[in-house]
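Worksheet for the structure shown next.
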Amino acid sequence: MSLLQIIVKNMLRKPVRLVLTVIPMCLAFFVFSLIIGIDNAYDVEFELDEKRRIVTINQQSIIQPLMQPAIERVRKMPQVSNATFATWFGGYFLKPDQTFSQYAIEEDTYFAVYDGIQIPNTSLPLWLEDPTAVLVTPLLAERFDWKVGDKIVLTTSIWTQKNFSNDWPFTIAGIFYAEDGTEEQSMLIKHTYLERNRLFGRGMTSFFVSRVRSDYDINNTINQLDKLFENSKNATFTSKESAFAESFRRQLGDLALMTKLVLAIAVLVVFLLTSSSMAQSLVERKRELALFSALGYSKRKISSLLVAENILVVVLAMLIATCITLVSSVLLGQILVDGPFSDIELRFWDIVQISAIAISLGATGATLPLLKLLQEDMAANLKSAI
Amino acid sequence: MARLLLLSDNIMFLQIKKLSKEYRKGDTRIIALDQINLNVEQGEFIALTGPSGSGKTTLLNIIGGLDSQDAGQILIEGQAQIKGSDAESAFWRARNIGFVFQFSNLLPYLSAAQNVELPLLLTSMSSKKRRERVGAALELVGLADRASHYPNELSGGQEQRVAIARAFVSSPKLMLCDEPTGDLDRKSAKSILNLLNTLKTEFKKTIIMVTHDMIAAEATDRRIELYKGRLTQASVCSEVFLSSGKEY
């Protein structure tokens, strides 16, 4: 027999209580790991920062447009190697709930800034020739079973055609592959097509994307760029593309705050559960603990056994919850094609982090009850009724 | 009241000198032990009797290092009892003391053998050696065939035997028994007393046993009586018990 066996046997001695303690802990850890997994789905910072791209929007909000000619001033900046602009199209295919990302891009400059995007040669001729041509990601083509040459119509409440129609005809010119390899559903529209046919908003765009030369500081360039338009009618707000992408994709709400709140609640729930469970356990086991003391176990040793037992319970709950999250992420990824729950990703370091939190909670949750134990008169407890 | 210094200091296994202990309950001062002097020989089996609240268990706990005295000294084989940190005191206890209680205090989720093994987990002994020691201890108390049984599968007397094996397994210098027969029927109690006597005679263990029961006290070499924290009398009695064959 070893001390570990004693710890495990102690943990398992009241199975019903163990289950009733572990289940809510599991739920708390499940929510905890799920939120981290969802948060990871939004985390694109690292990949995008490598591209040294910055995004400029209207200082008031992304809904307010920028003037297209203003991009020429950006292009003249020595820090900027190239710049392009794009406009949010905001349409849907056939039914309002069939939405996806659509950007009207300045076709001559966009692919120089987004040089990682890959377009098969077979897609290029139609893209270059047809003004209504669009490029779609493979996932989007698969979703609606689109083939090259298909004629489709997107409806948008943002842009009205000169004929007062909100239905815009397009031709599927081909496939493009997103530069980071992510499975996105998006469509690229020619800006010239939008520009020629829209009833209003001509000369305007949603945002600029500029690439900063490698020998210039990005943050400094951002400041310089915004200074160009300071006090103008269309003052700008520029940020790194990573920050922009993240804030853009977090439109569901303030996910960062929600994440922190949920994580804090989950941690608190586990802490309270483990602490109350330990306190109750110590009351019931007073005489046993006194016996350990009589046998020559120091209070520190006894405390270590109890802390280890508590950690084991929390880690058990954490492991079950993590497994459920991992399985859920795979299942949800298969069932859902879009949205935050389709991209849940629990990374190795997240699991390490959650494990560390579980161990800390197990240890700290036992602390208060144990502090009381350390003050107990062990000799008196040897004759206690329980 | 006369304080008893029973035997000469220089040959004594256990020496207790002017041991005092008091408790406070609010403003009330309760004297638990009042300048106790006691000498015990190696291999002696002593009964500590007295009415409830006379200080018997307090004295036992102080000797075992579970409690501390306000004044006085305890020497085992001439060495002062360690009264340092909790860890030091626990280490000293593990090396020198074997406790047996009124209730066996066996851990219900461990088998008899595992219960007996508990004190040995504090040593650097190999698991093989530990198993041998546990087997020998259970053999000694006559429960080798019950090694894998759990406490709820044993009778009260058997549980107490396992508790004695647990106290004995680490070869302590001194065994302290707090009413070990208090929760047993007469037959079981007698077998426990016989077992303690076996430990005394065959292994030269020094045993101090707190008891309320005068018949149990007669099974010992000597009876010490505590009254209001003071030693009041002593008698030699084990020959009477052992030779009389009196049914307990």
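Chain labels A, B, ... are given in the sequence in which chains occur in the structure tokens; within each chain residues are numbered consecutively from 1, and ligands are likewise numbered from 1 in the order shown.
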
Might you pull out every residue within 12 Å of region 129-145 of chain B, with only C-alpha atoms counted and same-chain residues fewer than 6 positions away left off, and present them as a ChimeraX atom specification? /A:1-2 /B:111-123,154-155,157-171,191-199,202-203

Near chain A, which residues of chain B fall within 10 Å when you count only C-alpha atoms, and what do they look like as a PyMOL selection string? chain B and resi 57-58+61-62+64-67+85-110+113-115+117-122+127+130-131+166-167+170

As a PyMOL selection string, please: the residues near Asn223 (chain A) (cut-off 12 Å, only C-alpha atoms, same-chain neighbours under 2 positions excluded). chain A and resi 54+56+79+217-221+225-230+236-240

Strand (DSSP E or B) residues, from DSSP on the backbone, in region 94-187 of chain A, as a tab-separated table (two decimals) with N, CA, C and O atoms, in the first residue's frame:
chain	number	residue	atom	x	y	z
A	99	THR	N	-26.51	33.69	-44.86
A	99	THR	CA	-25.53	34.79	-44.99
A	99	THR	C	-24.11	34.24	-44.93
A	99	THR	O	-23.87	33.12	-44.46
A	101	SER	N	-19.70	35.99	-45.53
A	101	SER	CA	-18.94	37.23	-45.78
A	101	SER	C	-18.86	37.52	-47.27
A	101	SER	O	-18.51	36.62	-48.05
A	102	GLN	N	-19.16	38.76	-47.64
A	102	GLN	CA	-18.97	39.18	-49.04
A	102	GLN	C	-18.28	40.54	-49.03
A	102	GLN	O	-18.74	41.45	-48.34
A	103	TYR	N	-17.16	40.63	-49.72
A	103	TYR	CA	-16.44	41.90	-49.82
A	103	TYR	C	-16.32	42.30	-51.28
A	103	TYR	O	-15.92	41.48	-52.12
A	104	ALA	N	-16.68	43.54	-51.54
A	104	ALA	CA	-16.39	44.09	-52.87
A	104	ALA	C	-14.97	44.64	-52.78
A	104	ALA	O	-14.69	45.54	-51.97
A	105	ILE	N	-14.08	44.06	-53.58
A	105	ILE	CA	-12.66	44.41	-53.44
A	105	ILE	C	-12.17	45.20	-54.66
A	105	ILE	O	-12.68	45.03	-55.78
A	118	GLN	N	-4.79	32.28	-52.79
A	118	GLN	CA	-4.45	31.51	-53.99
A	118	GLN	C	-5.69	31.32	-54.87
A	118	GLN	O	-6.77	30.96	-54.37
A	133	ALA	N	-18.27	38.73	-62.15
A	133	ALA	CA	-17.57	37.55	-61.62
A	133	ALA	C	-17.32	37.67	-60.11
A	133	ALA	O	-17.04	38.77	-59.61
A	134	VAL	N	-17.44	36.55	-59.44
A	134	VAL	CA	-17.09	36.49	-58.01
A	134	VAL	C	-16.23	35.25	-57.77
A	134	VAL	O	-16.32	34.27	-58.52
A	135	LEU	N	-15.40	35.35	-56.75
A	135	LEU	CA	-14.60	34.20	-56.30
A	135	LEU	C	-15.14	33.75	-54.95
A	135	LEU	O	-15.48	34.59	-54.11
A	136	VAL	N	-15.23	32.46	-54.77
A	136	VAL	CA	-15.76	31.94	-53.51
A	136	VAL	C	-14.78	30.92	-52.91
A	136	VAL	O	-14.00	30.30	-53.65
A	151	LYS	N	-24.85	31.13	-62.43
A	151	LYS	CA	-25.36	32.48	-62.23
A	151	LYS	C	-26.16	32.48	-60.93
A	151	LYS	O	-27.04	31.62	-60.75
A	152	ILE	N	-25.83	33.41	-60.06
A	152	ILE	CA	-26.56	33.47	-58.78
A	152	ILE	C	-27.01	34.91	-58.54
A	152	ILE	O	-26.52	35.84	-59.18
A	153	VAL	N	-27.92	35.04	-57.58
A	153	VAL	CA	-28.38	36.38	-57.21
A	153	VAL	C	-28.25	36.53	-55.70
A	153	VAL	O	-28.69	35.66	-54.94
A	154	LEU	N	-27.60	37.61	-55.28
A	154	LEU	CA	-27.54	37.92	-53.85
A	154	LEU	C	-28.41	39.14	-53.59
A	154	LEU	O	-28.46	40.07	-54.40
A	155	THR	N	-29.09	39.10	-52.46
A	155	THR	CA	-29.93	40.23	-52.08
A	155	THR	C	-29.26	40.95	-50.92
A	155	THR	O	-28.82	40.32	-49.96
A	156	THR	N	-29.19	42.27	-51.04
A	156	THR	CA	-28.57	43.04	-49.96
A	156	THR	C	-29.45	44.23	-49.60
A	156	THR	O	-30.06	44.85	-50.47
A	161	GLN	N	-29.46	48.86	-56.57
A	161	GLN	CA	-28.97	49.11	-57.93
A	161	GLN	C	-29.64	50.36	-58.50
A	161	GLN	O	-30.64	50.85	-57.99
A	167	ASP	N	-31.51	43.15	-55.63
A	167	ASP	CA	-31.00	41.84	-56.08
A	167	ASP	C	-29.86	42.06	-57.06
A	167	ASP	O	-30.04	42.75	-58.08
A	168	TRP	N	-28.75	41.47	-56.75
A	168	TRP	CA	-27.55	41.66	-57.57
A	168	TRP	C	-27.16	40.33	-58.22
A	168	TRP	O	-26.85	39.37	-57.52
A	169	PRO	N	-27.14	40.28	-59.55
A	169	PRO	CA	-26.72	39.04	-60.21
A	169	PRO	C	-25.19	38.91	-60.23
A	169	PRO	O	-24.48	39.91	-60.39
A	170	PHE	N	-24.73	37.70	-60.05
A	170	PHE	CA	-23.28	37.42	-60.06
A	170	PHE	C	-23.03	36.13	-60.84
A	170	PHE	O	-23.93	35.32	-61.03
A	171	THR	N	-21.77	35.96	-61.23
A	171	THR	CA	-21.35	34.73	-61.90
A	171	THR	C	-20.22	34.10	-61.10
A	171	THR	O	-19.26	34.80	-60.74
A	172	ILE	N	-20.37	32.84	-60.80
A	172	ILE	CA	-19.29	32.16	-60.06
A	172	ILE	C	-18.12	31.96	-61.04
A	172	ILE	O	-18.20	31.16	-61.96
A	173	ALA	N	-17.05	32.72	-60.79
A	173	ALA	CA	-15.88	32.64	-61.68
A	173	ALA	C	-14.91	31.55	-61.24
A	173	ALA	O	-14.18	30.98	-62.05
A	174	GLY	N	-14.91	31.29	-59.99
A	174	GLY	CA	-13.97	30.26	-59.53
A	174	GLY	C	-13.81	30.25	-58.02
A	174	GLY	O	-14.56	30.89	-57.27
A	175	ILE	N	-12.80	29.52	-57.64
A	175	ILE	CA	-12.53	29.28	-56.22
A	175	ILE	C	-11.31	30.09	-55.81
A	175	ILE	O	-10.39	30.29	-56.61
A	177	TYR	N	-8.54	30.34	-52.35
A	177	TYR	CA	-8.18	29.72	-51.07
A	177	TYR	C	-7.65	30.79	-50.13
A	177	TYR	O	-6.72	31.52	-50.47
A	186	SER	N	-16.53	32.69	-47.64
A	186	SER	CA	-16.57	34.09	-48.06
A	186	SER	C	-16.53	34.22	-49.58
A	186	SER	O	-16.17	33.28	-50.31
A	187	MET	N	-16.87	35.43	-50.01
A	187	MET	CA	-16.98	35.71	-51.45
A	187	MET	C	-16.31	37.04	-51.74
A	187	MET	O	-16.44	38.00	-50.97

List the spatial neighbours of Val40 (chain B) as an NGL selection string - criterion: any atom at most 8 Å away, only C-alpha atoms, same-chain residues fewer than 4 positions off excluded. :B and (7 or 12-15 or 44)

Once you have the residues from the selection above, write them out as a CSV table (one decimal), in the first residue's frame, restricted to C-alpha atoms.
chain,number,residue,atom,x,y,z
B,7,LEU,CA,11.4,3.7,41.9
B,12,MET,CA,14.0,3.7,34.9
B,13,PHE,CA,12.8,3.4,31.4
B,14,LEU,CA,10.2,6.2,31.7
B,15,GLN,CA,10.7,9.1,34.2
B,44,GLU,CA,6.5,-2.9,32.9
